[in-house]
Every structure is written in C-alpha cells, then in structure tokens.
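Shown next: final-v7.txt, containing compact mmCIF, C-alpha atoms.
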# COMPACT_ATOMS: atom_id res chain seq x y z
CA MET A 1 53.04 164.16 12.29
CA THR A 2 54.25 165.27 15.71
CA GLY A 3 54.02 162.27 18.05
CA ILE A 4 54.57 158.54 18.31
CA ARG A 5 50.97 157.74 17.41
CA GLU A 6 51.39 159.58 14.12
CA LEU A 7 54.69 157.81 13.49
CA HIS A 8 52.97 154.51 14.13
CA GLU A 9 50.19 155.39 11.69
CA TRP A 10 52.73 156.31 9.02
CA VAL A 11 54.60 153.04 9.49
CA ARG A 12 51.36 151.03 9.36
CA ALA A 13 50.41 152.82 6.15
CA HIS A 14 53.67 151.54 4.63
CA ARG A 15 53.23 147.94 5.77
CA GLU A 16 53.50 146.48 2.27
CA GLN A 17 56.68 148.40 1.50
CA LEU A 18 58.31 147.15 4.70
CA LEU A 19 57.30 143.60 3.88
CA ALA A 20 58.59 143.95 0.32
CA ASP A 21 61.97 145.10 1.63
CA LEU A 22 62.03 142.28 4.17
CA ALA A 23 61.14 139.73 1.49
CA ALA A 24 63.96 140.95 -0.73
CA TYR A 25 66.46 140.85 2.13
CA VAL A 26 65.46 137.40 3.38
CA GLY A 27 65.64 136.25 -0.24
CA ILE A 28 69.39 136.85 -0.25
CA GLU A 29 71.11 134.07 1.68
CA THR A 30 74.01 135.18 3.89
CA PRO A 31 75.39 132.18 5.80
CA SER A 32 78.21 133.07 8.18
CA ASP A 33 80.59 130.54 6.66
CA ASP A 34 80.10 131.43 2.98
CA LYS A 35 82.25 134.42 2.03
CA GLU A 36 80.92 134.65 -1.52
CA SER A 37 77.31 134.75 -0.35
CA LEU A 38 78.16 137.32 2.30
CA ASP A 39 79.81 139.52 -0.32
CA ARG A 40 76.69 139.34 -2.49
CA GLY A 41 74.49 140.16 0.50
CA LEU A 42 76.55 143.17 1.53
CA TYR A 43 76.60 144.48 -2.04
CA TRP A 44 72.80 144.29 -2.14
CA LEU A 45 72.49 145.97 1.25
CA ASP A 46 74.74 148.82 0.19
CA GLY A 47 72.54 149.58 -2.81
CA TRP A 48 69.35 149.20 -0.78
CA LEU A 49 70.55 151.56 1.95
CA ARG A 50 71.51 154.23 -0.57
CA GLU A 51 68.11 153.87 -2.23
CA ARG A 52 66.17 154.06 1.03
CA LEU A 53 68.24 156.60 2.99
CA GLY A 54 70.19 158.49 0.34
CA GLU A 55 73.94 158.93 0.17
CA PRO A 56 75.63 158.73 3.57
CA ALA A 57 77.95 161.46 4.77
CA GLY A 58 80.72 158.89 5.00
CA THR A 59 81.38 155.18 4.72
CA ARG A 60 84.08 152.77 5.75
CA HIS A 61 84.57 149.29 4.30
CA VAL A 62 86.70 146.83 6.28
CA ASP A 63 87.87 143.53 4.85
CA GLY A 64 86.75 140.67 7.08
CA GLY A 65 89.33 138.28 5.73
CA PRO A 66 87.76 134.81 5.67
CA HIS A 67 84.68 136.26 7.37
CA GLY A 68 82.05 138.70 6.19
CA ASP A 69 83.24 142.24 5.50
CA ILE A 70 82.17 145.15 7.71
CA LYS A 71 80.57 148.34 6.47
CA VAL A 72 80.12 151.51 8.53
CA TYR A 73 77.73 154.27 7.38
CA ASP A 74 77.48 157.75 8.85
CA TYR A 75 74.27 159.71 8.30
CA PRO A 76 73.95 163.36 9.38
CA GLY A 77 71.42 164.58 11.92
CA ASN A 78 70.70 166.96 14.75
CA GLY A 79 73.65 167.27 17.15
CA GLU A 80 77.26 166.21 17.19
CA ARG A 81 77.25 162.80 18.91
CA PRO A 82 75.78 160.02 16.78
CA ILE A 83 73.64 157.09 17.83
CA LEU A 84 75.25 153.77 16.99
CA LEU A 85 73.01 151.18 15.30
CA LEU A 86 74.30 147.59 15.23
CA CYS A 87 72.93 145.10 12.68
CA HIS A 88 74.69 141.91 11.62
CA TYR A 89 73.75 140.50 8.24
CA ASP A 90 75.05 136.93 8.58
CA THR A 91 72.79 134.04 9.55
CA VAL A 92 73.32 130.50 10.83
CA TRP A 93 71.48 128.96 7.89
CA PRO A 94 73.54 127.16 5.20
CA LEU A 95 73.28 128.07 1.54
CA GLY A 96 70.24 126.39 -0.03
CA THR A 97 67.97 126.65 3.03
CA LEU A 98 65.84 129.26 1.28
CA ALA A 99 64.72 126.78 -1.40
CA GLY A 100 62.90 124.71 1.21
CA ARG A 101 61.76 127.59 3.41
CA PRO A 102 61.16 130.72 1.30
CA PHE A 103 59.91 133.99 2.72
CA THR A 104 56.20 133.58 3.50
CA VAL A 105 53.54 135.74 5.11
CA ASP A 106 50.52 134.02 6.64
CA GLY A 107 48.32 136.49 8.48
CA ASP A 108 50.48 138.16 11.11
CA ARG A 109 53.25 135.58 10.83
CA ALA A 110 56.21 136.01 8.48
CA THR A 111 58.80 133.26 8.07
CA GLY A 112 62.08 132.66 6.29
CA PRO A 113 65.69 131.84 7.21
CA GLY A 114 67.26 134.62 9.24
CA ILE A 115 64.08 136.69 9.46
CA PHE A 116 64.04 136.73 13.28
CA ASP A 117 67.81 136.68 13.80
CA MET A 118 68.14 139.29 12.58
CA LYS A 119 67.15 140.52 9.13
CA SER A 120 63.91 142.09 10.28
CA GLY A 121 65.88 144.30 12.68
CA LEU A 122 67.72 146.15 9.92
CA VAL A 123 64.42 146.81 8.13
CA HIS A 124 63.12 148.30 11.40
CA ALA A 125 66.11 150.62 11.66
CA VAL A 126 65.96 151.85 8.08
CA TRP A 127 62.24 152.46 8.06
CA ALA A 128 62.41 154.21 11.44
CA LEU A 129 64.75 156.73 9.86
CA ARG A 130 62.49 157.03 6.83
CA ALA A 131 59.49 157.68 9.08
CA LEU A 132 61.28 160.54 10.83
CA ASP A 133 62.38 162.07 7.55
CA ALA A 134 58.84 161.81 6.16
CA ALA A 135 57.53 163.50 9.30
CA GLY A 136 60.11 166.25 9.18
CA LEU A 137 61.09 165.37 12.75
CA PRO A 138 64.68 165.90 13.93
CA ARG A 139 66.85 162.92 14.57
CA PRO A 140 70.43 162.58 15.77
CA PRO A 141 73.35 161.65 13.55
CA VAL A 142 73.37 157.90 13.02
CA ARG A 143 76.30 155.51 12.62
CA LEU A 144 75.18 152.17 11.21
CA VAL A 145 77.44 149.13 11.39
CA LEU A 146 76.79 146.05 9.27
CA ASN A 147 78.91 143.02 10.08
CA GLY A 148 78.90 139.51 8.67
CA ASP A 149 80.54 137.47 11.42
CA GLU A 150 78.36 137.96 14.52
CA GLU A 151 77.17 134.37 14.58
CA LEU A 152 80.83 133.31 14.72
CA GLY A 153 81.65 135.59 17.65
CA SER A 154 82.54 138.72 15.62
CA PRO A 155 86.27 137.90 15.31
CA ALA A 156 86.86 140.42 12.49
CA SER A 157 84.26 143.03 13.37
CA ARG A 158 84.85 143.48 17.11
CA PRO A 159 87.61 146.12 16.75
CA VAL A 160 85.57 147.93 14.09
CA ILE A 161 82.51 148.00 16.36
CA GLU A 162 84.53 149.24 19.32
CA GLU A 163 86.10 151.96 17.20
CA ALA A 164 82.71 152.94 15.77
CA ALA A 165 81.37 153.35 19.31
CA ALA A 166 83.88 156.10 20.11
CA GLY A 167 82.17 159.45 20.58
CA THR A 168 78.64 158.03 20.28
CA ARG A 169 75.85 158.93 22.65
CA ALA A 170 74.04 155.60 22.85
CA THR A 171 73.71 152.29 21.01
CA LEU A 172 70.63 150.51 19.73
CA VAL A 173 71.15 146.86 18.83
CA PHE A 174 68.52 145.53 16.44
CA GLU A 175 68.86 141.91 17.49
CA ALA A 176 65.59 140.08 18.00
CA SER A 177 63.64 140.79 21.18
CA ALA A 178 63.03 138.26 23.94
CA ASP A 179 59.28 137.71 23.59
CA GLY A 180 58.94 141.43 22.95
CA ALA A 181 61.24 142.52 25.77
CA VAL A 182 64.37 144.56 25.14
CA LYS A 183 67.61 143.33 26.67
CA THR A 184 69.28 145.54 29.24
CA ALA A 185 71.77 142.91 30.41
CA ARG A 186 73.53 140.02 28.70
CA LYS A 187 75.89 137.42 30.06
CA GLY A 188 79.54 137.32 29.10
CA VAL A 189 80.61 134.24 27.16
CA GLY A 190 83.82 132.26 27.53
CA LEU A 191 84.84 129.56 25.06
CA PHE A 192 87.62 127.34 26.37
CA GLN A 193 89.21 123.99 25.64
CA VAL A 194 90.80 121.66 28.18
CA HIS A 195 93.47 119.24 26.93
CA THR A 196 94.85 116.35 28.94
CA THR A 197 97.73 114.03 28.21
CA GLY A 198 98.64 110.70 29.77
CA VAL A 199 100.80 107.67 29.10
CA GLU A 200 99.59 105.00 26.72
CA ALA A 201 99.79 101.37 27.75
CA HIS A 202 98.02 98.08 27.13
CA ALA A 203 94.85 98.17 29.22
CA GLY A 204 95.05 94.43 29.98
CA LEU A 205 98.74 93.53 30.06
CA ASP A 206 100.35 96.67 31.51
CA PRO A 207 97.67 98.89 33.09
CA ALA A 208 100.00 100.13 35.83
CA LYS A 209 102.38 101.51 33.21
CA GLY A 210 99.67 103.76 31.83
CA ALA A 211 98.22 107.08 32.93
CA SER A 212 94.79 107.77 31.48
CA ALA A 213 94.18 111.15 29.86
CA ILE A 214 90.46 110.30 29.86
CA ASP A 215 90.53 109.79 33.62
CA GLU A 216 92.16 113.19 33.99
CA LEU A 217 89.57 114.78 31.71
CA ALA A 218 86.72 113.18 33.65
CA ARG A 219 88.07 114.54 36.93
CA ALA A 220 88.53 117.97 35.33
CA ILE A 221 84.95 117.95 34.03
CA LEU A 222 83.58 117.34 37.51
CA THR A 223 85.70 120.21 38.83
CA LEU A 224 84.62 122.49 36.00
CA HIS A 225 80.92 121.77 36.38
CA ALA A 226 81.24 122.43 40.12
CA LEU A 227 82.26 126.00 39.25
CA SER A 228 78.69 126.70 38.10
CA ASP A 229 76.71 128.98 40.39
CA ARG A 230 73.14 129.39 39.21
CA ASP A 231 72.36 131.96 41.91
CA ALA A 232 75.17 134.15 40.58
CA GLY A 233 74.10 133.52 36.98
CA THR A 234 77.16 131.43 36.14
CA THR A 235 77.05 128.24 34.10
CA VAL A 236 79.95 126.04 33.04
CA ASN A 237 79.26 123.33 30.50
CA VAL A 238 81.65 120.85 28.91
CA GLY A 239 79.61 120.15 25.81
CA VAL A 240 81.98 118.14 23.61
CA ILE A 241 84.61 115.58 24.59
CA SER A 242 87.02 113.40 22.65
CA GLY A 243 89.99 111.21 23.45
CA GLY A 244 91.71 107.87 23.32
CA SER A 245 92.68 105.70 20.39
CA ARG A 246 91.37 102.18 21.05
CA GLN A 247 89.21 100.39 23.59
CA ASN A 248 92.14 98.35 24.93
CA VAL A 249 94.62 101.23 25.12
CA ILE A 250 94.93 103.53 28.12
CA ALA A 251 94.30 106.93 26.61
CA GLY A 252 97.26 109.15 25.91
CA ALA A 253 95.26 112.27 25.03
CA ALA A 254 91.78 113.71 25.56
CA SER A 255 90.06 117.08 25.28
CA GLY A 256 86.84 118.87 26.08
CA GLU A 257 85.15 122.04 24.82
CA ILE A 258 83.79 124.38 27.49
CA ASP A 259 81.04 127.00 27.31
CA VAL A 260 80.96 129.51 30.18
CA ARG A 261 78.29 132.17 30.85
CA VAL A 262 78.69 134.82 33.57
CA SER A 263 76.63 137.80 34.71
CA SER A 264 79.44 139.86 36.23
CA SER A 265 83.11 140.60 35.76
CA GLU A 266 83.72 139.25 39.29
CA GLU A 267 82.35 135.88 38.24
CA ALA A 268 84.53 135.95 35.12
CA ASP A 269 87.55 136.46 37.38
CA ARG A 270 86.45 133.53 39.56
CA ILE A 271 86.15 131.27 36.54
CA ASP A 272 89.59 132.34 35.31
CA ALA A 273 91.02 131.40 38.69
CA GLY A 274 89.25 128.05 38.61
CA LEU A 275 90.59 127.24 35.16
CA ALA A 276 94.10 128.23 36.18
CA ALA A 277 93.91 125.97 39.23
CA LEU A 278 93.22 122.78 37.27
CA THR A 279 95.99 120.25 37.97
CA ALA A 280 96.56 116.65 36.97
CA HIS A 281 95.74 113.92 39.47
CA ASP A 282 98.53 111.66 38.19
CA PRO A 283 101.99 113.31 38.09
CA ARG A 284 102.65 111.61 34.75
CA SER A 285 99.71 113.46 33.19
CA THR A 286 99.23 117.08 32.17
CA ILE A 287 96.32 119.50 31.85
CA ARG A 288 96.33 122.53 29.57
CA VAL A 289 93.54 125.10 29.11
CA GLU A 290 93.19 127.20 25.95
CA GLY A 291 90.65 129.74 24.72
CA GLY A 292 89.29 132.87 26.30
CA TRP A 293 86.37 135.22 26.72
CA ASN A 294 84.45 135.63 23.49
CA ARG A 295 82.29 138.51 24.74
CA PRO A 296 82.45 140.58 27.93
CA VAL A 297 79.51 140.94 30.28
CA MET A 298 76.83 143.52 29.44
CA GLU A 299 75.80 144.71 32.89
CA ARG A 300 72.71 146.86 33.50
CA SER A 301 74.32 150.20 34.28
CA GLU A 302 72.53 153.38 35.33
CA ALA A 303 73.01 154.72 31.80
CA ILE A 304 71.42 151.60 30.31
CA ALA A 305 68.52 151.84 32.77
CA GLU A 306 68.00 155.48 31.79
CA LEU A 307 67.99 154.64 28.08
CA TYR A 308 65.49 151.85 28.72
CA GLY A 309 63.31 154.30 30.64
CA VAL A 310 63.16 156.59 27.61
CA ALA A 311 62.03 153.73 25.36
CA ARG A 312 59.55 152.38 27.94
CA ASP A 313 57.87 155.76 28.39
CA LEU A 314 57.61 156.29 24.65
CA ALA A 315 56.08 152.84 24.19
CA ALA A 316 53.47 153.73 26.78
CA GLY A 317 52.64 156.75 24.63
CA PHE A 318 50.82 154.54 22.13
CA GLY A 319 49.43 152.08 24.64
CA GLY A 320 52.29 149.62 24.57
CA THR A 321 54.22 148.01 27.39
CA LEU A 322 57.94 147.61 26.83
CA ARG A 323 59.48 145.08 29.18
CA GLU A 324 63.17 144.59 29.87
CA CYS A 325 65.08 141.41 30.59
CA SER A 326 68.48 139.84 31.09
CA VAL A 327 69.48 136.94 28.84
CA GLY A 328 72.19 134.30 28.73
CA GLY A 329 73.07 134.89 25.09
CA ALA A 330 75.55 137.53 24.00
CA SER A 331 75.63 139.99 21.10
CA ASP A 332 77.79 142.75 19.68
CA GLY A 333 76.14 145.02 22.23
CA ASN A 334 78.33 143.35 24.88
CA PHE A 335 81.43 144.91 23.34
CA VAL A 336 79.99 148.42 23.43
CA ALA A 337 78.52 148.13 26.92
CA ALA A 338 81.89 146.95 28.24
CA LEU A 339 83.33 150.28 27.07
CA GLY A 340 80.89 152.10 29.35
CA HIS A 341 78.37 153.20 26.72
CA PRO A 342 74.58 152.91 27.22
CA VAL A 343 73.18 150.08 25.12
CA LEU A 344 69.61 148.99 24.45
CA ASP A 345 69.58 145.55 22.86
CA GLY A 346 66.82 143.40 21.42
CA PHE A 347 65.28 146.30 19.51
CA GLY A 348 64.54 144.03 16.57
CA ALA A 349 61.86 141.53 15.74
CA ILE A 350 59.05 140.29 17.96
CA GLY A 351 58.67 136.59 17.28
CA ASP A 352 60.46 133.35 18.11
CA GLY A 353 62.72 130.61 16.84
CA ALA A 354 66.24 132.03 16.66
CA HIS A 355 68.44 129.40 14.95
CA ALA A 356 65.41 127.10 14.67
CA ARG A 357 63.24 125.91 11.80
CA HIS A 358 60.14 127.54 13.31
CA GLU A 359 61.83 130.98 13.14
CA HIS A 360 59.20 133.66 12.57
CA ILE A 361 58.23 137.25 13.32
CA SER A 362 55.02 139.12 13.99
CA VAL A 363 54.23 141.61 11.22
CA THR A 364 52.30 143.74 13.69
CA GLY A 365 55.27 143.63 16.01
CA MET A 366 57.55 144.72 13.18
CA LEU A 367 55.43 147.83 12.60
CA GLU A 368 55.21 148.64 16.32
CA ARG A 369 58.93 148.20 16.90
CA THR A 370 59.78 150.33 13.84
CA ALA A 371 57.59 153.16 15.13
CA LEU A 372 59.13 152.86 18.58
CA ALA A 373 62.66 152.99 17.15
CA ALA A 374 61.69 156.17 15.29
CA ALA A 375 60.32 157.70 18.47
CA VAL A 376 63.44 156.83 20.47
CA LEU A 377 65.72 158.26 17.81
CA HIS A 378 63.62 161.43 17.67
CA ARG A 379 63.77 161.84 21.44
CA LEU A 380 67.54 161.34 21.44
CA GLY A 381 67.88 163.86 18.62
CA ALA A 382 65.67 166.44 20.25
CA SER A 383 67.23 166.33 23.72

Could you spell out this file's structure in structure tokens?
Amino acid sequence: MTGIRELHEWVRAHREQLLADLAAYVGIETPSDDKESLDRGLYWLDGWLRERLGEPAGTRHVDGGPHGDIKVYDYPGNGERPILLLCHYDTVWPLGTLAGRPFTVDGDRATGPGIFDMKSGLVHAVWALRALDAAGLPRPPVRLVLNGDEELGSPASRPVIEEAAAGTRATLVFEASADGAVKTARKGVGLFQVHTTGVEAHAGLDPAKGASAIDELARAILTLHALSDRDAGTTVNVGVISGGSRQNVIAGAASGEIDVRVSSSEEADRIDAGLAALTAHDPRSTIRVEGGWNRPVMERSEAIAELYGVARDLAAGFGGTLRECSVGGASDGNFVAALGHPVLDGFGAIGDGAHARHEHISVTGMLERTALAAAVLHRLGAS
C-alpha cells in the first residue's frame, strides 16, 4: 500500500474488527460524574491500547481527583516533534443508560450512548495508526491524551493537555464532526454567575422599606442580553435564575447563571468590561459577578488553515470532499489553539445527535475518516 486509496481499502477490509472494538468500548459506560465507572473505563482502554498499538515509549498517569484520571501515551515515529491526539473518554450519559440503548448496528447506522461524542473518534485514531503500521508507511511520533472530564469543562485535564502540547507539531482532535465537516474555529466559552442582594420587607405593609434583589437581577439580565452581538458571533444567555423567599416578601437575594460564547479575544475583553460595569439601580442593593472563561477562543489561524488544506487535499485523493466550519461549542482543542499550535478538530465520527437520544454514527463515515486520519498522519510524518 502506498496511497490513501490503498489505506482506505485496508480499513474497509477490517470493518468488522473496527466495529467489534467500537462495540466493546461503547459497552463500557463512562459517565463524567461517576469516578468508579471512569476508572474502569480507563483501565479497559489502557489494556486495549497496548493490545492494538503495542507498548508505548512512555506513559504518564495523572490523578483527576473527583474527576476522571488523565493518561498520556507517547508512541515513537518518524521525526522528533510528535503529533498530539486528543480523545476524551467521558460521556454525558448516566450509568444504566446502556441497558436501554445498547450498541446496535443497523445497515450503515451504529448507535449507543457516547458513540458519536466521542467514542468512535478514539477507534478512528487507533486504527489509523494500525493501518499505517500494516502498510509499512512512516508516521510521526504520536502523543495521545485520554481525559475523563471534558464534558465538565476539563477542570483537571486542562493543565495536562497544555503541557502535553509543548513541543508538538500539530494537534488532531477526534471529537465528532459537524455533518462531516472538520472544525477550524470554535467559540470561547464563559460561564458566569450574577448575584444580587436587596433589603427584605413586607410587600404589602412596608414596600418602601424594601429593595428588591429580583428587580436588580431583572435589570441586569436586560443589560447582559444587550451585550450579545450576533454579527460578531457573541451570545450572552442567562439560562437559569433563582431568588426570593416568599410571594409577599420583597426579595433579599437573587442569582442568575450566564453562558457566554465569543468568536474573538476582543469580544471576550468586551464582555469582561460589560460584566465589570454592572451596577445596582438601588443604592441599598448590590451586584456581584463570579465565574470566568471556561475555554479560550479557537481562532482560524494561518497554521490551522494550512493543516486543514493538507487534510482537504488528501480527502480529494480518494474522491472525498472535506469541508471546514466554525462552531459555537468548545472542546479541548481550544486550549491548544490558544497556545498558538495548529489544531484540526472534529476529526471523529460522521453522524448526529451529540448529547441526544438519537445519537448515531455512519459506519461508512467511520471507515472513511479512519483512512483520512491515517493519510494525514503519514503526510505529517513524511514531510
């Protein structure tokens, strides 16, 4: 085998083995909030990786505390600078989901909890490496990171990912695709809370003695939502509110939870300024903002565009069309891109239904994306 068409043929010839691995992986539940299940899942993955790829040149195991642990594997290859592969193993689905929705293949459609986001992606990555080894084609050194807290914002794994990115040449993130498109830009995400206080009083007998925290929160919400700028790619949403104690009591406290999405660091700065400028309407009341930026913006840099161009041209080599897109959701790729490294995200499954009961992948898409990943890794290793 010398080209992408031959790699694709090899992958297609191993369709049943890929599906068997995917079935086994989906069959191990790894909910983000269940440490015991995450430990079992990571233990299984460690054995599976060693069976499929052999012993790594080095490993690092990092305790995730209350979250899933992080494992970093280094595999040798052609050259000195490795390619970073990011694959989280946690899912949003609670323990027991599998009993009602087991792994199933019906024609070209495969289903099961976590299959699209993002268990299929790791199978792509592993079998891409196997395809290159079977072909005797050179590939670069690979650094694979498995983390079990991505769906929670990667609180434990972020520093590990950023450290793992040091000295790497490029990063492939095996998150699910966007209708087949890879992601060359992702919005930054801010998670904030706004807290207001007032003065409690009887709403009927002494209304003038009170200062409503709910009134302050309502005014703040209008100000916050006015910070949205769809043309600039910025959205501000107060999605949860709470406050007050009784219907006939002027509220002494209230709070709201804010989700912010931005497409540029300049917009992030503007939002920060807007949050800092919030002031109480009534001098007896207070406003306090907590929280921060969960993930930085992944902007489409020249290096990212160049990496996408490599993948697009290789996809054309077997008659495929690889589109790119920008999305509002964030991933661990945001952390790496913010460090100035080229990142190609959405290299995982072709399908639909992330975090939804209709979650599914295309089996044909799985084979195509695995072959493409092999071709990209080969090109990066040969150049």

Per-residue nearest contacts range 76-125 of chain A to range 13-36 of chain A, cut-off 9 Å, using only C-alpha atoms, as CSV:
residue,atom,partner,partner_atom,distance
A:Tyr89,CA,A:Thr30,CA,6.9
A:Asp90,CA,A:Ser32,CA,5.0
A:Thr91,CA,A:Pro31,CA,4.9
A:Val92,CA,A:Pro31,CA,5.7
A:Trp93,CA,A:Pro31,CA,5.5
A:Pro94,CA,A:Pro31,CA,5.4
A:Leu95,CA,A:Pro31,CA,6.3
A:Gly96,CA,A:Glu29,CA,7.9
A:Thr97,CA,A:Glu29,CA,8.2
A:Leu98,CA,A:Glu29,CA,7.1
A:Pro102,CA,A:Gly27,CA,7.3
A:Phe103,CA,A:Ala23,CA,6.0
A:Thr104,CA,A:Ala23,CA,8.1
A:Val105,CA,A:Leu19,CA,8.8
A:Ala110,CA,A:Leu19,CA,8.9
A:Gly112,CA,A:Val26,CA,6.5
A:Pro113,CA,A:Val26,CA,6.8
A:Gly114,CA,A:Val26,CA,6.7
A:Ile115,CA,A:Val26,CA,6.3
A:Lys119,CA,A:Val26,CA,6.8
A:Ser120,CA,A:Leu22,CA,6.4
A:Leu122,CA,A:Leu22,CA,9.0
A:Val123,CA,A:Leu22,CA,6.5
A:His124,CA,A:Leu18,CA,8.3

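Non-sequential neighbours of range 282-299 of chain A (distance at most 6 Å, separation of 3 or more positions within a chain, all atoms listed in the file) are A:Ala185, A:Arg186, A:Lys187, A:Gly188, A:Val189, A:Gly190, A:Leu191, A:Phe192, A:Gln193, A:Val194, A:His195, A:Thr196, A:Thr197, A:Gly198, A:Asn334, A:Ala337.
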
### Query
Which of these, A:Ile221, A:Asp332, A:Leu152, A:Ala170, has the shortest distance to Tyr308 in chain A once you count only C-alpha atoms?
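For Tyr308 in chain A, the nearest of the candidates is A:Ala170.
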
Dump as a tab-separated table the rows for residues of range 212-322 of chain A within 12 Å of range 342-348 of chain A: closest atom pair and distance in Å with one decimal, only C-alpha atoms counted, ordered by chain and rising residue number.
residue	atom	partner	partner_atom	distance
A:Met298	CA	A:Val343	CA	8.7
A:Glu299	CA	A:Val343	CA	9.8
A:Arg300	CA	A:Pro342	CA	8.9
A:Ser301	CA	A:Pro342	CA	7.6
A:Glu302	CA	A:Pro342	CA	8.4
A:Ala303	CA	A:Pro342	CA	5.2
A:Ile304	CA	A:Pro342	CA	4.6
A:Ala305	CA	A:Pro342	CA	8.3
A:Glu306	CA	A:Pro342	CA	8.4
A:Leu307	CA	A:Pro342	CA	6.9
A:Tyr308	CA	A:Leu344	CA	6.6
A:Gly309	CA	A:Leu344	CA	10.3
A:Val310	CA	A:Leu344	CA	10.5
A:Ala311	CA	A:Leu344	CA	9.0
A:Arg312	CA	A:Leu344	CA	11.2
A:Leu322	CA	A:Phe347	CA	10.4

Using all atoms of range 142-145 of chain A listed in the file and a margin of 8 Å per side, can you give the axis-aligned box centre and edge lengths in Å to one decimal, as lines of an AutoDock Vina configuration file?
center_x = 75.4
center_y = 153.5
center_z = 12.1
size_x = 20.1
size_y = 24.8
size_z = 17.8

### Task
Tell me which of A:Val126, A:Val145, A:Phe318, A:Arg12 sits closest to Glu162 in chain A, counting all atoms listed in the file.
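Of the candidates, the smallest distance to Glu162 in chain A is held by A:Val145.
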
### Query
How many Å separate CA of Ala128 in chain A from CA of Val376 in chain A?
9.5 Å

Could you check which residues have any atom within 9 Å of (54.1, 150.8, 21.8), counting all atoms listed in the file with coordinates taken straight from the file, and then list them as a compact mmCIF listing (two decimals) with C-alpha atoms, in the frame of the given file?
# COMPACT_ATOMS: atom_id res chain seq x y z
CA ILE A 4 54.57 158.54 18.31
CA ARG A 5 50.97 157.74 17.41
CA HIS A 8 52.97 154.51 14.13
CA ARG A 312 59.55 152.38 27.94
CA LEU A 314 57.61 156.29 24.65
CA ALA A 315 56.08 152.84 24.19
CA ALA A 316 53.47 153.73 26.78
CA GLY A 317 52.64 156.75 24.63
CA PHE A 318 50.82 154.54 22.13
CA GLY A 319 49.43 152.08 24.64
CA GLY A 320 52.29 149.62 24.57
CA THR A 321 54.22 148.01 27.39
CA LEU A 322 57.94 147.61 26.83
CA GLU A 368 55.21 148.64 16.32
CA ARG A 369 58.93 148.20 16.90
CA ALA A 371 57.59 153.16 15.13
CA LEU A 372 59.13 152.86 18.58

### Task
Considering all atoms listed in the file, return as a PyMOL selection string whatever protein or nucleic-acid residues lie within 6 Å of Arg143 in chain A, sequence-local ones (same chain, fewer than 3 positions apart) excluded.
chain A and resi 73-74+84

With C-alpha atoms retained, write the just-selected residues as a tab-separated table (two decimals), keeping the file's coordinate frame.
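The resulting again29.tsv:
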chain	number	residue	atom	x	y	z
A	73	TYR	CA	77.73	154.27	7.38
A	74	ASP	CA	77.48	157.75	8.85
A	84	LEU	CA	75.25	153.77	16.99

### Task
Write out as a list in words which residues come within 12 Å of Ser157 in chain A when counting only C-alpha atoms, dropping same-chain ones fewer than 6 positions away.
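Non-adjacent residues within range: His61, Val62, Asp63, Gly64, Gly65, Pro66, His67, Gly68, Asp69, Ile70, Lys71, Val72, Leu86, Cys87, His88, Tyr89, Val145, Leu146, Asn147, Gly148, Asp149, Glu150, Glu151, Glu163, Ala164, Ser331, Asp332 and Phe335 of chain A.
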
### Message
Within 9 Å of (64.8, 160.7, 18.4) (file coordinates; all atoms listed in the file), which protein or nucleic acid residues are there? I'd like them as number ranges by chain.
### Response
A: 132, 137-140, 373-383

#### Entry: Shell of 12 Å around Ala277 in chain A, only C-alpha atoms, local chain residues under 2 positions omitted, as a list of chain:residue names
A:Ala220, A:Thr223, A:Leu224, A:Leu227, A:Arg270, A:Ile271, A:Asp272, A:Ala273, A:Gly274, A:Leu275, A:Thr279, A:Ala280, A:Ile287, A:Arg288, A:Val289

### CA of Gly353 in chain A to CA of Asp106 in chain A, straight-line distance in Å
16.3 Å

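Here CA of Leu339 in chain A and CA of Arg81 in chain A stand 16.1 Å from one another.
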
### Query
Of the candidates A:Val160, A:Ile214, A:Ser228, A:Asp269, which one gets nearest to Ser242 in chain A if we count all atoms listed in the file?
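Closest to Ser242 in chain A, using all atoms listed in the file: A:Ile214.
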